[in-house]
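The structure file run28.txt is reproduced below (compact mmCIF, C-alpha atoms and all ligand atoms).
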# COMPACT_ATOMS: atom_id res chain seq x y z
CA MET A 1 20.73 -9.20 -36.14
CA LYS A 2 20.77 -12.42 -38.15
CA PHE A 3 17.52 -14.18 -38.96
CA ASP A 4 17.76 -17.82 -40.02
CA VAL A 5 14.47 -19.40 -41.03
CA LEU A 6 13.71 -23.11 -41.42
CA SER A 7 10.95 -23.39 -43.98
CA LEU A 8 9.68 -25.60 -46.77
CA PHE A 9 8.70 -22.43 -48.65
CA PRO A 10 11.79 -20.18 -48.85
CA GLU A 11 10.28 -17.97 -51.55
CA MET A 12 7.40 -16.97 -49.28
CA ILE A 13 9.93 -15.50 -46.85
CA TYR A 14 12.32 -13.94 -49.38
CA GLY A 15 9.42 -12.61 -51.41
CA ALA A 16 7.94 -10.79 -48.44
CA PHE A 17 11.14 -8.85 -47.88
CA ARG A 18 11.99 -7.79 -51.43
CA GLU A 19 10.25 -4.46 -50.84
CA GLY A 20 9.74 -2.16 -47.90
CA ILE A 21 11.55 -1.20 -44.72
CA VAL A 22 12.99 -4.65 -44.04
CA ALA A 23 14.25 -4.94 -47.64
CA GLN A 24 16.09 -1.64 -47.22
CA ALA A 25 17.61 -2.83 -43.92
CA LEU A 26 18.78 -6.05 -45.62
CA LYS A 27 20.36 -4.05 -48.44
CA GLU A 28 22.17 -1.84 -45.95
CA GLU A 29 23.22 -4.96 -44.00
CA LYS A 30 21.67 -3.71 -40.79
CA ILE A 31 20.13 -7.19 -40.62
CA ALA A 32 20.74 -10.50 -42.42
CA LEU A 33 18.28 -13.16 -43.56
CA LYS A 34 18.76 -16.71 -44.81
CA VAL A 35 16.17 -19.43 -45.32
CA TRP A 36 17.05 -23.10 -44.87
CA ASN A 37 14.87 -25.69 -46.56
CA PRO A 38 14.54 -29.00 -44.68
CA ARG A 39 13.75 -30.66 -48.01
CA ASP A 40 17.40 -30.20 -49.02
CA GLN A 41 18.33 -32.60 -46.20
CA SER A 42 15.99 -35.34 -47.36
CA GLN A 43 17.84 -38.37 -48.73
CA ASP A 44 15.15 -40.40 -50.51
CA VAL A 45 13.83 -39.98 -54.06
CA HIS A 46 10.52 -38.54 -52.86
CA LYS A 47 12.30 -35.86 -50.78
CA THR A 48 10.22 -36.92 -47.77
CA VAL A 49 10.16 -34.45 -44.85
CA ASP A 50 7.18 -35.73 -42.87
CA ASP A 51 5.24 -38.83 -41.87
CA ARG A 52 1.90 -39.89 -40.39
CA PRO A 53 1.39 -39.15 -36.68
CA PHE A 54 1.63 -42.03 -34.21
CA GLY A 55 -1.78 -42.49 -32.63
CA GLY A 56 -3.53 -41.20 -35.75
CA GLY A 57 -4.95 -37.78 -36.47
CA ASP A 58 -5.04 -35.13 -39.18
CA GLY A 59 -2.03 -33.82 -41.03
CA MET A 60 1.54 -34.99 -41.37
CA VAL A 61 4.25 -34.45 -38.78
CA MET A 62 7.67 -33.13 -39.76
CA LEU A 63 10.46 -35.64 -39.10
CA PRO A 64 12.76 -34.73 -36.19
CA GLU A 65 15.96 -35.94 -37.82
CA ILE A 66 15.44 -33.87 -40.98
CA LEU A 67 14.88 -30.78 -38.83
CA ASN A 68 17.96 -31.64 -36.75
CA LYS A 69 20.13 -31.91 -39.87
CA THR A 70 18.81 -28.60 -41.17
CA LEU A 71 19.42 -26.85 -37.86
CA SER A 72 22.95 -28.29 -37.62
CA GLN A 73 23.88 -26.62 -40.89
CA ILE A 74 23.19 -23.14 -39.61
CA PRO A 75 26.27 -21.27 -38.33
CA ARG A 76 25.40 -20.10 -34.82
CA GLU A 77 26.21 -16.80 -33.15
CA LYS A 78 27.12 -16.65 -29.45
CA SER A 79 23.81 -15.13 -28.46
CA SER A 80 21.21 -17.05 -30.41
CA ARG A 81 17.64 -18.18 -29.77
CA VAL A 82 15.72 -21.00 -31.46
CA ILE A 83 12.03 -20.16 -31.83
CA TYR A 84 9.31 -22.47 -33.06
CA LEU A 85 6.29 -20.60 -34.42
CA SER A 86 3.26 -22.51 -33.24
CA PRO A 87 -0.31 -21.97 -32.07
CA GLN A 88 0.77 -23.53 -28.74
CA GLY A 89 3.29 -20.74 -28.07
CA GLN A 90 3.16 -17.65 -25.91
CA LYS A 91 1.47 -14.79 -27.69
CA LEU A 92 3.85 -12.32 -29.35
CA SER A 93 3.77 -8.87 -27.75
CA HIS A 94 5.68 -5.60 -27.87
CA GLN A 95 7.42 -6.72 -24.68
CA LYS A 96 8.54 -9.96 -26.33
CA VAL A 97 9.78 -8.10 -29.42
CA LEU A 98 11.97 -5.90 -27.20
CA GLU A 99 13.34 -9.03 -25.55
CA LEU A 100 14.13 -10.70 -28.88
CA LYS A 101 15.96 -7.72 -30.36
CA GLU A 102 18.73 -8.26 -27.79
CA TYR A 103 19.89 -11.52 -29.44
CA GLN A 104 22.50 -11.57 -32.20
CA GLN A 105 20.63 -14.32 -34.00
CA LEU A 106 17.08 -15.67 -34.17
CA VAL A 107 16.50 -19.11 -35.66
CA LEU A 108 12.84 -19.28 -36.66
CA ILE A 109 11.30 -22.69 -37.32
CA CYS A 110 8.17 -22.81 -39.45
CA GLY A 111 5.91 -25.81 -39.14
CA ARG A 112 3.53 -27.08 -41.79
CA TYR A 113 1.10 -29.92 -41.94
CA GLY A 114 0.32 -31.36 -38.52
CA GLY A 115 3.27 -29.70 -36.80
CA ILE A 116 6.67 -31.08 -35.87
CA ASP A 117 7.83 -34.01 -33.73
CA GLU A 118 7.66 -33.01 -30.04
CA ARG A 119 11.08 -34.54 -29.31
CA PHE A 120 12.73 -32.06 -31.65
CA ILE A 121 11.05 -29.21 -29.74
CA GLU A 122 12.22 -30.61 -26.40
CA SER A 123 15.78 -31.04 -27.66
CA PHE A 124 16.42 -27.84 -29.61
CA VAL A 125 13.71 -25.22 -29.27
CA ASP A 126 14.21 -22.43 -26.70
CA GLU A 127 10.69 -21.07 -26.96
CA GLU A 128 7.43 -21.35 -28.88
CA LEU A 129 5.64 -18.24 -30.11
CA SER A 130 2.16 -17.71 -31.49
CA VAL A 131 0.95 -14.57 -33.24
CA GLY A 132 -2.59 -14.74 -31.88
CA ASP A 133 -5.61 -16.89 -31.28
CA TYR A 134 -6.57 -17.78 -34.83
CA VAL A 135 -5.34 -20.39 -37.30
CA VAL A 136 -3.07 -19.63 -40.23
CA SER A 137 -1.73 -22.20 -42.67
CA GLY A 138 1.82 -22.44 -41.42
CA GLY A 139 4.63 -20.78 -39.52
CA GLU A 140 5.91 -18.68 -42.44
CA ILE A 141 3.69 -15.63 -42.05
CA PRO A 142 4.12 -15.66 -38.24
CA ALA A 143 7.93 -15.83 -38.80
CA MET A 144 7.67 -12.83 -41.13
CA ILE A 145 5.82 -10.93 -38.43
CA VAL A 146 8.63 -11.66 -35.96
CA ILE A 147 11.28 -10.59 -38.49
CA ASP A 148 9.45 -7.39 -39.32
CA ALA A 149 8.63 -6.41 -35.74
CA VAL A 150 12.13 -7.17 -34.41
CA SER A 151 13.89 -5.45 -37.35
CA ARG A 152 12.06 -2.21 -36.61
CA GLN A 153 13.68 -2.17 -33.19
CA ILE A 154 17.23 -2.50 -34.57
CA PRO A 155 19.02 0.88 -34.53
CA GLY A 156 19.17 2.48 -37.96
CA VAL A 157 16.45 0.34 -39.54
CA LEU A 158 13.86 3.05 -39.18
CA GLY A 159 14.90 6.45 -40.50
CA ASN A 160 14.84 9.36 -38.05
CA LYS A 161 11.52 10.29 -39.52
CA ASP A 162 9.92 7.03 -38.45
CA SER A 163 11.79 6.41 -35.25
CA ALA A 164 9.04 7.98 -33.18
CA ALA A 165 7.05 4.96 -34.29
CA ILE A 166 9.36 2.82 -32.15
CA GLU A 167 7.54 4.39 -29.24
CA SER A 168 4.11 3.62 -30.57
CA PHE A 169 3.34 0.66 -28.41
CA SER A 170 5.67 1.45 -25.54
CA GLY A 171 3.33 4.26 -24.64
CA GLY A 172 0.78 1.49 -24.25
CA LEU A 173 -1.87 3.65 -25.91
CA LEU A 174 -3.46 3.62 -29.34
CA GLU A 175 -2.44 6.35 -31.74
CA HIS A 176 -4.40 9.55 -32.32
CA PRO A 177 -6.21 10.02 -35.65
CA GLN A 178 -4.24 11.51 -38.58
CA TYR A 179 -5.29 14.08 -41.18
CA THR A 180 -3.76 15.49 -44.34
CA ARG A 181 -4.86 17.84 -47.10
CA PRO A 182 -7.38 19.03 -48.07
CA GLN A 183 -8.66 20.79 -44.92
CA SER A 184 -12.21 20.04 -45.94
CA TRP A 185 -13.02 16.73 -47.59
CA ASN A 186 -16.27 14.87 -48.15
CA GLY A 187 -18.04 17.37 -45.93
CA LYS A 188 -15.67 16.73 -43.02
CA GLU A 189 -13.23 19.19 -41.49
CA VAL A 190 -9.81 18.60 -39.99
CA PRO A 191 -10.00 19.37 -36.21
CA GLN A 192 -9.40 23.11 -35.83
CA VAL A 193 -6.66 22.77 -33.21
CA LEU A 194 -4.37 20.94 -35.68
CA LEU A 195 -4.42 24.00 -37.97
CA SER A 196 -3.86 26.48 -35.16
CA GLY A 197 -0.06 26.18 -35.06
CA HIS A 198 -0.35 26.23 -31.27
CA HIS A 199 2.21 23.55 -30.46
CA GLU A 200 1.22 23.00 -26.85
CA LYS A 201 -2.50 22.77 -27.59
CA ILE A 202 -1.79 20.30 -30.41
CA GLU A 203 0.21 18.05 -28.08
CA THR A 204 -2.59 18.12 -25.52
CA TRP A 205 -5.14 17.24 -28.20
CA LYS A 206 -3.01 14.33 -29.41
CA ARG A 207 -2.58 12.94 -25.92
CA GLU A 208 -6.29 13.30 -25.15
CA SER A 209 -7.31 11.56 -28.38
CA GLN A 210 -4.96 8.70 -27.58
CA LEU A 211 -6.44 8.28 -24.14
CA SER A 212 -10.07 8.44 -25.23
CA ARG A 213 -9.53 6.09 -28.17
CA THR A 214 -7.83 3.57 -25.97
CA LEU A 215 -10.57 3.80 -23.38
CA GLU A 216 -13.27 3.29 -25.97
CA ARG A 217 -11.68 0.69 -28.21
CA ARG A 218 -9.10 -1.19 -26.17
CA PRO A 219 -9.84 -0.79 -22.47
CA ASP A 220 -7.87 -4.02 -22.00
CA LEU A 221 -4.68 -2.05 -22.74
CA LEU A 222 -5.37 0.09 -19.69
CA VAL A 223 -5.53 -2.82 -17.28
CA GLY A 224 -3.08 -2.05 -14.54
CA ARG A 225 -2.90 1.68 -15.19
CA ASP A 226 -4.03 4.16 -12.65
CA LEU A 227 -7.38 5.35 -13.94
CA LYS A 228 -7.55 7.82 -11.07
CA LYS A 229 -4.70 9.85 -12.60
CA PRO A 230 -6.02 13.28 -13.62
CA GLU A 231 -5.47 12.77 -17.36
CA PHE A 232 -7.42 9.50 -17.32
CA GLU A 233 -10.14 11.00 -15.18
CA LYS A 234 -10.52 13.80 -17.71
CA ALA A 235 -10.56 11.44 -20.69
CA CYS A 236 -13.07 9.21 -18.93
CA GLU A 237 -15.19 12.22 -18.05
CA ASP A 238 -15.15 13.43 -21.68
CA LEU A 239 -16.42 10.05 -22.80
CA GLY A 240 -18.83 9.69 -19.95
CA LEU A 241 -16.66 6.86 -18.63
CA ARG A 242 -15.72 6.92 -15.00
CA HIS A 243 -15.19 4.30 -12.43
CA ARG A 244 -18.20 4.84 -10.20
CA ILE A 245 -18.28 1.99 -7.75
CA ALA A 246 -20.05 1.52 -4.45
CA VAL A 247 -19.65 -1.49 -2.17
CA GLY A 248 -22.41 -2.57 0.19
CA LEU A 249 -21.88 -4.89 3.12
CA VAL A 250 -25.30 -6.37 3.78
CA HIS A 251 -26.22 -7.50 7.32
CA TYR A 252 -29.89 -8.06 6.44
CA PRO A 253 -31.35 -10.04 4.68
CA VAL A 254 -28.74 -12.80 4.94
CA TYR A 255 -28.79 -16.46 5.97
CA ASN A 256 -27.44 -17.90 9.16
CA LYS A 257 -25.84 -21.32 9.61
CA GLY A 258 -29.26 -22.94 9.88
CA GLY A 259 -30.54 -21.41 6.63
CA GLU A 260 -32.79 -18.88 8.40
CA VAL A 261 -33.01 -15.28 7.25
CA VAL A 262 -31.44 -13.09 9.91
CA SER A 263 -29.80 -9.77 10.63
CA THR A 264 -26.13 -10.22 11.59
CA ASN A 265 -24.01 -8.09 13.87
CA VAL A 266 -21.61 -5.57 12.39
CA THR A 267 -18.03 -6.44 13.27
CA ASN A 268 -15.27 -3.96 13.95
CA LEU A 269 -12.92 -5.80 11.57
CA ASP A 270 -15.43 -5.57 8.69
CA ILE A 271 -15.75 -1.83 9.18
CA HIS A 272 -12.03 -1.12 9.04
CA ASP A 273 -10.62 -3.77 6.75
CA ILE A 274 -13.23 -3.35 4.02
CA ALA A 275 -12.97 0.45 4.31
CA ARG A 276 -9.23 0.21 3.73
CA ALA A 277 -9.63 -2.16 0.78
CA CYS A 278 -12.24 0.19 -0.74
CA ARG A 279 -9.99 3.23 -0.31
CA SER A 280 -7.05 1.37 -1.82
CA TYR A 281 -9.03 0.42 -4.93
CA GLY A 282 -10.66 3.80 -5.53
CA ILE A 283 -14.18 2.78 -4.51
CA ASP A 284 -16.46 5.83 -4.15
CA ARG A 285 -18.59 4.64 -1.25
CA TYR A 286 -18.64 1.79 1.23
CA TYR A 287 -22.09 1.27 2.74
CA ILE A 288 -22.59 -0.72 5.89
CA ILE A 289 -26.17 -1.87 5.58
CA THR A 290 -28.15 -2.92 8.65
CA PRO A 291 -31.70 -2.13 9.82
CA ALA A 292 -30.84 -2.67 13.49
CA GLU A 293 -30.73 0.63 15.40
CA GLU A 294 -28.26 -0.58 18.03
CA GLN A 295 -25.95 -1.78 15.24
CA LEU A 296 -26.19 1.57 13.47
CA SER A 297 -25.33 3.43 16.64
CA PHE A 298 -22.42 1.03 17.29
CA VAL A 299 -20.94 1.77 13.86
CA GLY A 300 -21.68 5.47 14.35
CA ARG A 301 -19.64 5.44 17.57
CA VAL A 302 -16.74 3.59 15.91
CA LEU A 303 -16.64 6.05 13.01
CA GLU A 304 -16.92 9.02 15.37
CA HIS A 305 -14.05 7.72 17.50
CA TRP A 306 -11.63 7.53 14.56
CA GLN A 307 -12.88 10.56 12.68
CA GLU A 308 -13.46 13.07 15.43
CA GLY A 309 -12.67 11.48 18.77
CA ARG A 310 -9.52 10.35 20.56
CA GLY A 311 -8.66 7.88 17.76
CA ILE A 312 -7.26 10.68 15.60
CA GLN A 313 -4.18 11.05 17.83
CA TYR A 314 -3.77 7.28 18.08
CA ASN A 315 -3.87 6.66 14.32
CA PRO A 316 -4.48 9.62 11.99
CA THR A 317 -4.56 7.50 8.78
CA ARG A 318 -7.66 5.66 10.02
CA LYS A 319 -9.65 8.82 9.42
CA ASP A 320 -8.59 8.87 5.80
CA SER A 321 -9.51 5.22 5.29
CA LEU A 322 -12.98 5.86 6.69
CA ILE A 323 -13.99 8.96 4.72
CA ASN A 324 -16.01 6.96 2.18
CA VAL A 325 -17.86 4.86 4.75
CA ARG A 326 -21.62 5.43 5.08
CA LEU A 327 -24.42 3.84 7.06
CA ALA A 328 -27.74 2.73 5.60
CA ARG A 329 -30.81 0.96 6.95
CA SER A 330 -31.46 -0.91 3.70
CA PHE A 331 -30.00 -1.41 0.26
CA GLU A 332 -32.64 0.94 -1.22
CA GLU A 333 -31.59 3.67 1.17
CA ALA A 334 -27.92 3.17 0.26
CA TYR A 335 -28.72 3.19 -3.45
CA LEU A 336 -30.65 6.47 -3.16
CA ASP A 337 -27.99 8.02 -0.95
CA TRP A 338 -25.27 7.24 -3.50
CA GLY A 339 -27.36 9.02 -6.11
CA GLU A 340 -26.16 7.11 -9.19
CA LYS A 341 -29.61 6.55 -10.68
CA ASP A 342 -28.64 4.01 -13.35
CA ALA A 343 -26.12 2.07 -11.27
CA LEU A 344 -26.06 -1.66 -11.95
CA LYS A 345 -26.92 -3.76 -8.92
CA VAL A 346 -24.43 -6.60 -8.76
CA ALA A 347 -24.73 -9.34 -6.15
CA THR A 348 -21.90 -11.59 -5.12
CA SER A 349 -22.41 -15.07 -3.80
CA ALA A 350 -20.42 -18.18 -3.11
CA ARG A 351 -23.50 -20.18 -4.08
CA GLN A 352 -25.02 -20.53 -7.53
CA ILE A 353 -28.43 -18.83 -7.51
CA SER A 354 -30.90 -18.89 -10.38
CA GLY A 355 -32.40 -15.59 -11.45
CA PRO A 356 -30.04 -12.69 -12.10
CA LYS A 357 -27.84 -12.81 -15.17
CA PRO A 358 -24.46 -14.31 -14.25
CA VAL A 359 -21.46 -12.11 -15.03
CA ARG A 360 -17.79 -13.07 -15.11
CA PHE A 361 -14.96 -10.99 -13.72
CA PRO A 362 -13.47 -9.81 -17.05
CA GLN A 363 -16.93 -8.81 -18.33
CA LEU A 364 -17.74 -6.82 -15.22
CA ARG A 365 -14.31 -5.18 -15.43
CA GLU A 366 -15.31 -3.71 -18.79
CA ILE A 367 -18.87 -2.91 -17.80
CA ALA A 368 -17.59 -0.97 -14.77
CA LEU A 369 -15.75 1.43 -17.08
CA LYS A 370 -19.03 2.41 -18.67
CA LYS A 371 -21.67 2.21 -15.96
CA PRO A 372 -21.78 2.82 -12.24
CA VAL A 373 -21.78 -0.44 -10.30
CA PHE A 374 -23.13 -1.15 -6.82
CA LEU A 375 -21.49 -4.33 -5.53
CA LEU A 376 -23.27 -6.19 -2.74
CA PHE A 377 -21.64 -8.61 -0.32
CA GLY A 378 -23.50 -10.68 2.21
CA THR A 379 -22.35 -11.34 5.76
CA GLY A 380 -23.24 -14.52 7.65
CA TRP A 381 -23.97 -17.40 5.28
CA GLY A 382 -24.57 -15.10 2.33
CA LEU A 383 -27.21 -12.88 0.70
CA GLU A 384 -30.80 -14.09 0.84
CA ASN A 385 -32.09 -15.54 -2.46
CA THR A 386 -34.97 -13.14 -3.23
CA PHE A 387 -32.65 -10.23 -2.45
CA VAL A 388 -30.14 -11.66 -4.97
CA ARG A 389 -32.95 -12.09 -7.52
CA SER A 390 -33.79 -8.39 -7.25
CA MET A 391 -30.29 -7.55 -8.53
CA ASP A 392 -29.31 -6.95 -12.18
CA LEU A 393 -26.32 -9.27 -12.23
CA LEU A 394 -24.78 -12.02 -10.14
CA LEU A 395 -20.98 -12.04 -10.12
CA GLU A 396 -19.38 -15.45 -10.53
CA PRO A 397 -18.08 -16.89 -7.27
CA VAL A 398 -14.43 -16.67 -6.33
CA TRP A 399 -13.01 -20.09 -7.05
CA GLY A 400 -9.95 -21.00 -5.11
CA ARG A 401 -8.18 -24.28 -5.62
CA SER A 402 -8.84 -26.36 -2.57
CA PRO A 403 -8.67 -30.01 -3.68
CA GLN A 404 -11.35 -30.84 -1.10
CA GLY A 405 -13.61 -28.09 -2.42
CA PHE A 406 -13.24 -26.01 0.75
CA ARG A 407 -14.75 -22.61 -0.02
CA HIS A 408 -15.37 -20.54 3.07
CA LEU A 409 -13.76 -17.13 2.67
CA SER A 410 -14.50 -14.44 5.19
CA VAL A 411 -16.49 -11.61 3.64
CA ARG A 412 -13.46 -9.34 4.19
CA SER A 413 -11.28 -11.64 2.10
CA ALA A 414 -13.94 -11.98 -0.57
CA VAL A 415 -14.27 -8.19 -0.91
CA SER A 416 -10.51 -7.80 -1.34
CA ILE A 417 -10.26 -10.56 -3.91
CA VAL A 418 -13.22 -9.27 -5.90
CA LEU A 419 -11.92 -5.68 -5.85
CA ASP A 420 -8.51 -6.81 -7.01
CA ARG A 421 -9.95 -8.93 -9.82
CA LEU A 422 -12.15 -6.06 -11.00
CA PHE A 423 -9.87 -3.08 -10.45
CA GLY A 424 -6.43 -4.49 -9.64
CA SER A 425 -3.40 -4.36 -11.86
CA CYS A 426 -2.14 -7.89 -12.30
CA TYR A 427 -1.72 -8.88 -15.93
C1 LIG B 1 -3.70 -30.60 -37.36
C2 LIG B 1 -3.27 -29.20 -37.29
N1 LIG B 1 -4.12 -28.21 -36.70
C3 LIG B 1 -5.34 -28.49 -36.06
C4 LIG B 1 -6.20 -27.26 -35.96
C5 LIG B 1 -3.28 -27.44 -35.78
C6 LIG B 1 -2.49 -26.50 -36.55
C7 LIG B 1 -1.12 -26.62 -36.55
C8 LIG B 1 -0.38 -25.71 -37.26
C9 LIG B 1 -3.12 -25.51 -37.25
C10 LIG B 1 -2.37 -24.58 -37.95
C11 LIG B 1 -1.02 -24.71 -37.98
C12 LIG B 1 -0.26 -23.74 -38.70
N2 LIG B 1 -0.06 -22.54 -37.89
C13 LIG B 1 1.12 -22.22 -37.43
O1 LIG B 1 2.07 -22.89 -37.69
C14 LIG B 1 1.25 -21.06 -36.57
C15 LIG B 1 0.27 -20.18 -35.99
C16 LIG B 1 -1.15 -20.13 -36.08
O2 LIG B 1 -1.82 -20.92 -36.77
N3 LIG B 1 -1.80 -19.16 -35.38
C17 LIG B 1 -1.15 -18.26 -34.61
N4 LIG B 1 0.16 -18.25 -34.49
C18 LIG B 1 0.86 -19.21 -35.19
S1 LIG B 1 2.50 -19.40 -35.13
C19 LIG B 1 2.50 -20.68 -36.15
Serialized structure, structure tokens:
Amino acid sequence: MKFDVLSLFPEMIYGAFREGIVAQALKEEKIALKVWNPRDQSQDVHKTVDDRPFGGGDGMVMLPEILNKTLSQIPREKSSRVIYLSPQGQKLSHQKVLELKEYQQLVLICGRYGGIDERFIESFVDEELSVGDYVVSGGEIPAMIVIDAVSRQIPGVLGNKDSAAIESFSGGLLEHPQYTRPQSWNGKEVPQVLLSGHHEKIETWKRESQLSRTLERRPDLLVGRDLKKPEFEKACEDLGLRHRIAVGLVHYPVYNKGGEVVSTNVTNLDIHDIARACRSYGIDRYYIITPAEEQLSFVGRVLEHWQEGRGIQYNPTRKDSLINVRLARSFEEAYLDWGEKDALKVATSARQISGPKPVRFPQLREIALKKPVFLLFGTGWGLENTFVRSMDLLLEPVWGRSPQGFRHLSVRSAVSIVLDRLFGSCY
């Protein structure tokens, strides 16, 4: 791997790699590094490399032609990528590092001042990379981060001893805590299992610490992983974290078209489709809530048909999708039946309603790892206002992107979208 860096401060880059793992790799020629200073291409007496931005604004903008001349000097390998380090770029990740290590050459452009002329980016830059959502003084330190992270992935750069570290982020988990001598220090002991010499138990302990640390400190890293897997369930259990979610489909009190508070009819589609969505997303219970006796007996007959009656022969998987379905006469009854005493009551609504604390999807995603959540959906024209005000939180509405502001999802669609946003694995 060859790294070529365009920078007004070559000594920052060279200096960083005079010691350490990357320095060793340079010495052994496992990688190569050269810094190119745009100032060397400047013709005038002042060695100008930048100018004031058209349209005004802070900082000075690096001149495109100077950058072009500097870039043209660099001998290029067949497989080469030009990267501009900038706050506007994609965020660097382990995935990106693995992608970059496949090139023979990375040309890293460091900006200073107010950035560089956009036309140079359009003409010569393959991609822009950021190192995170905070401001640093220039592209040099971000370029060093790229060089360091990519170098570690080049075969032979890490000794055998360290090469396990290559895995560290691929596992997608944080590392377990480390201990060294003495066994007892500052009144604290090294965990007994690490001294036991029992290899298998030690490995289990390490894995469990990784899981519980990640759950506690970086639940975002677990987005998209199957938290219902036994090892996660155990780690969650140990920490008192478990996805405990109930969904309630409320048929009373809800509004009708005319804004009156009514009790709606239960529909066959809502029974089955929402049950299947709930099963697919690991929801513990799906309550169909209606005070109307004839509605309750209708649902009872439907459930009986698929769970015990002739429906079993017709479609055996229906039974499985319906095992978490329950009937309740009111929300209170459902809440008591579920038995999660400190469950958060979370209403959903397409309308903005004053009262309960609004909560956004990413927030609720994290809350749901720590507390049981009862999610309520209204049929008809939505949950009645005082009912919504009796809840702990109001989930933000699902915003689509209809240019005319059309926003009339069926409750079945809304449930699926909400479940996927809260528990789905798109990232
Ligand atoms: C007028 C300039 N600034 C307004 C806030 C924007 C700006 C441009 C360039 C601020 C800092 C910088 C220097 N930073 C980088 O070049 C940079 C960077 C960063 O600041 N954060 C995260 N990743 C990166 S990659 C390059």
Among A:Thr180, A:Ser137, A:Asn68, A:Ser390, Lys357 in chain A is approached most closely, using only C-alpha atoms, by A:Ser390
Show me which residues line ligand LIG 1 (chain B), defined as having an atom within 6 Å of a ligand atom where all atoms listed in the file count, and present them as a list in words.
Asp58, Gly59, Leu85, Ser86, Pro87, Gly111, Arg112, Gly114, Gly115, Ser130, Val131, Gly132, Asp133, Tyr134, Val135, Val136, Ser137, Gly138, Gly139 and Pro142 of chain A
Hey, could you make a per-residue contact list for range 74-147 of chain A against range 12-30 of chain A with 8 Å as the cut-off, showing the nearest pair of atoms and its distance in Å to one decimal, counting all atoms listed in the file, sorted by chain and number, as JSON lines?
{"residue": "A:Glu140", "atom": "CA", "partner": "A:Ile13", "partner_atom": "CA", "distance": 6.8}
{"residue": "A:Ile141", "atom": "CA", "partner": "A:Ile13", "partner_atom": "CA", "distance": 7.9}
{"residue": "A:Met144", "atom": "CA", "partner": "A:Ile13", "partner_atom": "CA", "distance": 6.7}
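With all atoms listed in the file as the atoms that count, the minimum distance from Pro358 in chain A to the choices A:Gly171, A:Gly382, A:Gly156, A:Pro397 is reached by A:Pro397.
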Residue nearest Val247 in chain A - candidates A:Phe232, A:Trp306, A:Phe361, A:Phe377, atoms counted: only C-alpha atoms
A:Phe377
Might you pull out every residue within 8 Å of range 41-43 of chain A, with only C-alpha atoms counted and same-chain residues fewer than 4 positions away left off, and present them as a list of chain:residue names?
A:Asn37, A:Lys47, A:Thr48, A:Val49, A:Ile66, A:Lys69, A:Thr70
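When CA of Ser151 in chain A is paired with CA of Lys91 in chain A, their separation reads 18.3 Å.
Rounded to one decimal, CA of Asp148 in chain A and CA of Glu99 in chain A lie 14.4 Å from each other.
With distances taken over all atoms listed in the file, A:Trp381 is the one residue among A:Phe120, A:Trp381, A:Trp338, A:Tyr286 lying closest to Pro253 in chain A.
Between CA of Asp284 in chain A and CA of Lys319 in chain A the separation is 15.5 Å.
Minimum distance to Thr264 in chain A across A:Thr379, A:Gln192, A:Ser72, A:Ser93 (counting all atoms listed in the file) occurs at A:Thr379.
Proximity to Asp270 in chain A was assessed for A:Gln404, A:Gln73, A:Gln352, A:Ser410 counting only C-alpha atoms; the smallest distance is recorded for A:Ser410.
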